[in-house]
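> Got a structure for you, coords17.tsv, holding TSV, C-alpha atoms and all ligand atoms.
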chain	number	residue	atom	x	y	z
A	508	MET	CA	100.06	26.20	11.73
A	509	SER	CA	101.77	22.92	10.98
A	510	ALA	CA	105.35	22.33	12.07
A	511	THR	CA	108.16	22.34	9.56
A	512	THR	CA	111.60	20.83	9.77
A	513	GLN	CA	114.95	21.52	8.17
A	514	CYS	CA	115.24	18.08	6.61
A	515	ILE	CA	118.65	16.39	6.59
A	516	LYS	CA	117.62	14.13	3.71
A	517	CYS	CA	116.52	16.66	1.08
A	518	GLY	CA	118.05	19.75	2.71
A	519	GLU	CA	114.83	21.73	2.50
A	520	LEU	CA	112.45	23.30	4.97
A	521	LYS	CA	109.34	21.12	4.67
A	522	PRO	CA	106.37	19.89	6.72
A	523	ALA	CA	107.39	17.65	9.60
A	524	LEU	CA	105.68	14.39	10.49
A	525	THR	CA	102.70	15.09	12.74
A	526	ASN	CA	103.63	12.12	14.93
A	527	PRO	CA	106.90	10.24	15.46
A	528	PRO	CA	106.88	7.08	13.31
A	529	PHE	CA	107.54	4.75	16.26
A	530	ARG	CA	105.43	4.53	19.39
A	531	ALA	CA	106.57	5.91	22.74
A	532	GLY	CA	107.83	3.21	25.07
A	533	THR	CA	109.17	0.97	22.30
A	534	LYS	CA	112.86	0.52	21.72
A	535	LEU	CA	112.64	2.62	18.56
A	536	ALA	CA	110.93	5.55	20.28
A	537	ASP	CA	114.09	7.70	20.44
A	538	LEU	CA	114.80	7.07	16.80
A	539	GLY	CA	111.21	8.00	16.00
A	540	THR	CA	111.65	11.33	17.79
A	541	GLU	CA	114.89	11.93	15.93
A	542	ILE	CA	113.14	11.24	12.61
A	543	GLN	CA	110.31	13.60	13.46
A	544	GLN	CA	112.86	16.34	14.24
A	545	LYS	CA	115.22	15.80	11.32
A	546	ILE	CA	113.25	14.29	8.43
A	547	CYS	CA	110.42	15.93	6.52
A	548	ALA	CA	107.13	14.11	5.92
A	549	PRO	CA	107.66	13.73	2.11
A	550	CYS	CA	111.11	12.15	2.63
A	551	TYR	CA	109.72	9.77	5.24
A	552	ARG	CA	107.02	8.75	2.75
A	553	ASP	CA	109.78	8.08	0.21
A	554	TRP	CA	111.39	5.80	2.78
A	555	ILE	CA	108.15	3.89	3.33
A	556	ASN	CA	107.89	3.26	-0.43
A	557	MET	CA	111.55	2.26	-0.52
A	558	SER	CA	111.05	0.02	2.49
A	559	VAL	CA	108.36	-1.96	0.68
A	560	LYS	CA	110.74	-2.53	-2.21
A	561	LEU	CA	113.51	-3.61	0.14
A	562	VAL	CA	111.32	-6.11	1.92
A	563	ASN	CA	110.33	-7.56	-1.46
A	564	GLU	CA	113.64	-7.36	-3.27
A	565	MET	CA	116.13	-8.08	-0.53
A	566	ARG	CA	113.76	-10.63	1.00
A	567	LEU	CA	114.01	-8.81	4.30
A	568	ASP	CA	112.18	-10.66	7.04
A	569	THR	CA	111.25	-7.92	9.51
A	570	THR	CA	110.01	-10.45	12.06
A	571	ASP	CA	113.57	-11.74	12.35
A	572	PRO	CA	116.09	-9.76	14.49
A	573	ARG	CA	118.71	-9.83	11.73
A	574	GLY	CA	116.15	-8.67	9.20
A	575	GLN	CA	115.09	-5.87	11.52
A	576	GLU	CA	118.68	-4.78	12.02
A	577	LEU	CA	119.25	-4.66	8.28
A	578	TRP	CA	115.96	-2.81	7.78
A	579	LEU	CA	117.02	-0.20	10.36
A	580	LYS	CA	120.42	0.14	8.76
A	581	GLN	CA	118.86	0.74	5.34
A	582	MET	CA	116.48	3.27	6.84
A	583	LYS	CA	119.28	5.24	8.48
A	584	LEU	CA	121.25	5.12	5.27
A	585	PHE	CA	118.30	6.27	3.18
A	586	LEU	CA	117.36	9.07	5.58
A	587	ASN	CA	120.95	10.22	6.16
A	588	LEU	CA	120.70	9.43	9.87
A	589	GLU	CA	123.73	8.44	11.93
A	590	GLY	CA	126.52	8.57	9.48
A	591	GLY	CA	124.43	7.48	6.54
A	592	SER	CA	125.58	10.70	4.91
A	593	THR	CA	129.18	9.52	5.12
A	594	ASP	CA	128.35	6.75	2.68
A	595	PRO	CA	129.03	8.28	-0.71
A	596	TRP	CA	126.46	6.01	-2.36
A	597	SER	CA	123.54	6.57	0.00
A	598	ARG	CA	122.36	9.59	-1.96
A	599	HIS	CA	121.85	7.37	-5.01
A	600	LEU	CA	119.44	4.99	-3.24
A	601	ASP	CA	116.24	4.33	-5.19
A	602	LYS	CA	117.64	6.20	-8.18
A	603	PRO	CA	118.84	5.10	-11.61
A	604	VAL	CA	122.59	4.74	-11.67
A	605	VAL	CA	125.26	3.62	-14.07
A	606	ILE	CA	127.51	1.08	-12.45
A	607	GLU	CA	130.85	-0.10	-13.77
A	608	THR	CA	132.42	-3.23	-12.34
A	609	THR	CA	136.04	-4.26	-12.07
A	610	GLY	CA	135.04	-7.05	-14.48
A	611	GLY	CA	134.44	-4.45	-17.19
A	612	VAL	CA	130.63	-4.50	-17.12
A	613	ARG	CA	128.91	-1.14	-17.46
A	614	VAL	CA	125.16	-1.17	-16.91
A	615	ARG	CA	122.26	1.05	-15.94
A	616	ALA	CA	120.15	-0.10	-12.97
A	617	THR	CA	118.39	1.15	-9.85
A	618	LEU	CA	120.30	1.15	-6.58
A	619	LEU	CA	118.09	-0.54	-3.99
A	620	GLY	CA	120.26	-1.06	-0.99
A	621	ALA	CA	123.74	-0.88	0.43
A	622	THR	CA	125.43	-2.77	3.24
A	623	ALA	CA	129.03	-2.53	4.38
A	624	ASP	CA	130.03	-5.19	1.86
A	625	THR	CA	127.49	-5.28	-0.93
A	626	LEU	CA	125.21	-3.19	-3.08
A	627	THR	CA	121.80	-4.41	-4.26
A	628	LEU	CA	120.47	-3.26	-7.61
A	629	ALA	CA	117.37	-3.93	-9.68
A	630	ASP	CA	115.79	-2.96	-13.01
A	631	PHE	CA	118.90	-3.80	-14.97
A	632	ASP	CA	118.96	-2.32	-18.43
A	633	GLY	CA	117.98	-5.02	-20.91
A	634	GLY	CA	116.36	-7.09	-18.17
A	635	THR	CA	119.17	-9.55	-17.65
A	636	ILE	CA	121.56	-9.65	-14.76
A	637	PRO	CA	125.10	-8.97	-15.95
A	638	ALA	CA	128.16	-11.05	-15.16
A	639	GLY	CA	129.63	-10.44	-11.73
A	640	PHE	CA	126.26	-9.84	-10.06
A	641	GLU	CA	124.64	-12.43	-7.86
A	642	PRO	CA	120.91	-12.77	-8.59
A	643	SER	CA	118.60	-12.64	-5.58
A	644	ALA	CA	115.80	-14.48	-7.40
A	645	SER	CA	113.04	-11.90	-7.19
A	646	ALA	CA	110.39	-10.73	-9.60
A	647	ARG	CA	112.14	-7.50	-10.40
A	648	GLY	CA	115.41	-9.26	-11.06
A	649	SER	CA	117.48	-7.71	-8.33
A	650	ALA	CA	121.07	-8.75	-7.73
A	651	THR	CA	123.93	-7.95	-5.42
A	652	ILE	CA	127.55	-7.16	-6.03
A	653	ALA	CA	130.48	-6.85	-3.63
A	654	ARG	CA	131.53	-3.26	-3.09
A	655	ASP	CA	135.11	-4.02	-3.96
A	656	ALA	CA	133.96	-5.27	-7.38
A	657	VAL	CA	132.47	-1.85	-8.13
A	658	LYS	CA	134.74	0.44	-10.08
A	659	THR	CA	132.44	3.43	-10.46
A	660	LEU	CA	128.84	4.26	-9.65
A	661	GLU	CA	127.28	7.47	-10.82
A	662	PRO	CA	123.79	8.87	-11.29
A	663	ALA	CA	122.31	7.92	-14.67
A	664	ALA	CA	121.88	10.90	-16.96
B	1	ZN	ZN	113.08	15.99	3.19
Represent the structure contained in this file as structure tokens.

Amino acid sequence: MSATTQCIKCGELKPALTNPPFRAGTKLADLGTEIQQKICAPCYRDWINMSVKLVNEMRLDTTDPRGQELWLKQMKLFLNLEGGSTDPWSRHLDKPVVIETTGGVRVRATLLGATADTLTLADFDGGTIPAGFEPSASARGSATIARDAVKTLEPAA
């Protein structure tokens, strides 16, 4: 019988990871154990897919300590670990959203990442980056915006 877990990301009872995602003895071992206990295997797979996008779109360099820190932060946010759930926007990660800025722009895009100060979005409707967003020069046309320039952000219908 394979183990299941009550997943804190999707809220469902689903198969657990067979092994913790980080090796014992590394500095991430405890986090790996926590993930194995709290996150189901399908949700962790979603994170891996999301992680690839983040590395590409946010130009995350995971060999650099700052890049690693940001990567970990995005992972905790995405998986609802450690207060990620207190961020009202974390549940919209990797989903189509409609964002309205204080500059009066209203556009549909995909929410890729969130830090304390900025949001990163991609796949802007129409393919061009609207006013108020700072392009991050990537193939998918991602761009960031300061959180305080965001008026509303809601799931796209
Ligand atoms: Zn899950």
> Between A:Asn556, A:Thr625, A:Gln575, A:Asn587, which residue has the minimum interatomic distance to ligand ZN 1 (chain B), considering only C-alpha atoms and all ligand atoms?
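Comparing A:Asn556, A:Thr625, A:Gln575, A:Asn587 against ligand ZN 1 (chain B), the winner is A:Asn587.
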> Using only C-alpha atoms and all ligand atoms, which residues of the polymer chains come no farther than 8 Å from ligand ZN 1 (chain B)? I'd like the answer as a compact mmCIF listing (two decimals) with C-alpha atoms, in the frame of the given file.

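Writing the result to pocket34.txt gives the following:
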# COMPACT_ATOMS: atom_id res chain seq x y z
CA GLN A 513 114.95 21.52 8.17
CA CYS A 514 115.24 18.08 6.61
CA ILE A 515 118.65 16.39 6.59
CA LYS A 516 117.62 14.13 3.71
CA CYS A 517 116.52 16.66 1.08
CA GLY A 518 118.05 19.75 2.71
CA GLU A 519 114.83 21.73 2.50
CA LEU A 520 112.45 23.30 4.97
CA LYS A 521 109.34 21.12 4.67
CA ILE A 546 113.25 14.29 8.43
CA CYS A 547 110.42 15.93 6.52
CA ALA A 548 107.13 14.11 5.92
CA PRO A 549 107.66 13.73 2.11
CA CYS A 550 111.11 12.15 2.63
CA TYR A 551 109.72 9.77 5.24
> For atom CA of Arg654 of chain A and atom CA of Ser597 of chain A, quote the distance in Å rounded to one decimal.
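Those two atoms sit 13.0 Å apart.
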> One decimal, Å: what's the distance from atom CA of Ile652 of chain A over to atom CA of Phe640 of chain A, could you say?
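Atom CA of Phe640 of chain A lies 5.0 Å from atom CA of Ile652 of chain A.
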> With distances taken over only C-alpha atoms, which residue among A:Ala656, A:Ser649, A:Leu561, A:Arg598 lies nearest Ala616 of chain A?
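Nearest candidate to Ala616 of chain A out of A:Ala656, A:Ser649, A:Leu561, A:Arg598: A:Ser649.
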> Record the distance separating atom CA of Leu524 of chain A and atom CA of Thr512 of chain A, expressed in Å with one decimal.
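Pair atom CA of Leu524 of chain A / atom CA of Thr512 of chain A returns 8.8 Å.
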> Skip Val559 of chain A itself and residues of its chain fewer than 5 positions away, then list as a PyMOL selection string all residues within 12 Å of it, counting all atoms listed in the file.
chain A and resi 552-554+564-569+578+581-582+601+619
> Can you write just those residues out, C-alpha atoms, as a compact mmCIF listing (two decimals), keeping the file's coordinate frame?

# COMPACT_ATOMS: atom_id res chain seq x y z
CA ARG A 552 107.02 8.75 2.75
CA ASP A 553 109.78 8.08 0.21
CA TRP A 554 111.39 5.80 2.78
CA GLU A 564 113.64 -7.36 -3.27
CA MET A 565 116.13 -8.08 -0.53
CA ARG A 566 113.76 -10.63 1.00
CA LEU A 567 114.01 -8.81 4.30
CA ASP A 568 112.18 -10.66 7.04
CA THR A 569 111.25 -7.92 9.51
CA TRP A 578 115.96 -2.81 7.78
CA GLN A 581 118.86 0.74 5.34
CA MET A 582 116.48 3.27 6.84
CA ASP A 601 116.24 4.33 -5.19
CA LEU A 619 118.09 -0.54 -3.99
> Name the residues in contact with segment 530-535 of chain A at a cut-off of 12 Å, using only C-alpha atoms, excluding same-chain residues fewer than 6 positions from it; report them as a ChimeraX atom specification.
/A:541-543,575-576,579
> Would you list the contacts of segment 609-611 of chain A as a compact mmCIF listing (two decimals) with C-alpha atoms, in the coordinates of the input, taking every protein, DNA or RNA residue within 7 Å and counting all atoms listed in the file, but skipping same-chain residues closer than 4 positions in sequence?

# COMPACT_ATOMS: atom_id res chain seq x y z
CA GLY A 639 129.63 -10.44 -11.73
CA ALA A 656 133.96 -5.27 -7.38
CA VAL A 657 132.47 -1.85 -8.13
CA LYS A 658 134.74 0.44 -10.08
> Residues near Asp630 of chain A, anyone? I mean within 12 Å using all atoms listed in the file, not counting same-chain ones fewer than 2 positions away, as a compact mmCIF listing (two decimals) with C-alpha atoms, in the frame of the given file.

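Contents of around.txt, as written:
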# COMPACT_ATOMS: atom_id res chain seq x y z
CA LYS A 560 110.74 -2.53 -2.21
CA GLU A 564 113.64 -7.36 -3.27
CA ASP A 601 116.24 4.33 -5.19
CA LYS A 602 117.64 6.20 -8.18
CA PRO A 603 118.84 5.10 -11.61
CA VAL A 604 122.59 4.74 -11.67
CA VAL A 605 125.26 3.62 -14.07
CA VAL A 614 125.16 -1.17 -16.91
CA ARG A 615 122.26 1.05 -15.94
CA ALA A 616 120.15 -0.10 -12.97
CA THR A 617 118.39 1.15 -9.85
CA LEU A 618 120.30 1.15 -6.58
CA LEU A 619 118.09 -0.54 -3.99
CA THR A 627 121.80 -4.41 -4.26
CA LEU A 628 120.47 -3.26 -7.61
CA ASP A 632 118.96 -2.32 -18.43
CA GLY A 633 117.98 -5.02 -20.91
CA GLY A 634 116.36 -7.09 -18.17
CA THR A 635 119.17 -9.55 -17.65
CA ILE A 636 121.56 -9.65 -14.76
CA PRO A 637 125.10 -8.97 -15.95
CA PRO A 642 120.91 -12.77 -8.59
CA SER A 645 113.04 -11.90 -7.19
CA ALA A 646 110.39 -10.73 -9.60
CA ARG A 647 112.14 -7.50 -10.40
CA GLY A 648 115.41 -9.26 -11.06
CA SER A 649 117.48 -7.71 -8.33
CA ALA A 650 121.07 -8.75 -7.73
> For Thr540 of chain A, which residue among A:Thr511, A:Ser558, A:Thr608, A:Thr525 is the nearest when counting only C-alpha atoms?
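Closest candidate: A:Thr525.
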> I'd like the contact shell of Glu607 of chain A - 6 Å cut-off, all atoms listed in the file, skipping same-chain residues fewer than 5 positions apart - returned as a PyMOL selection string.
chain A and resi 612-613+658-659
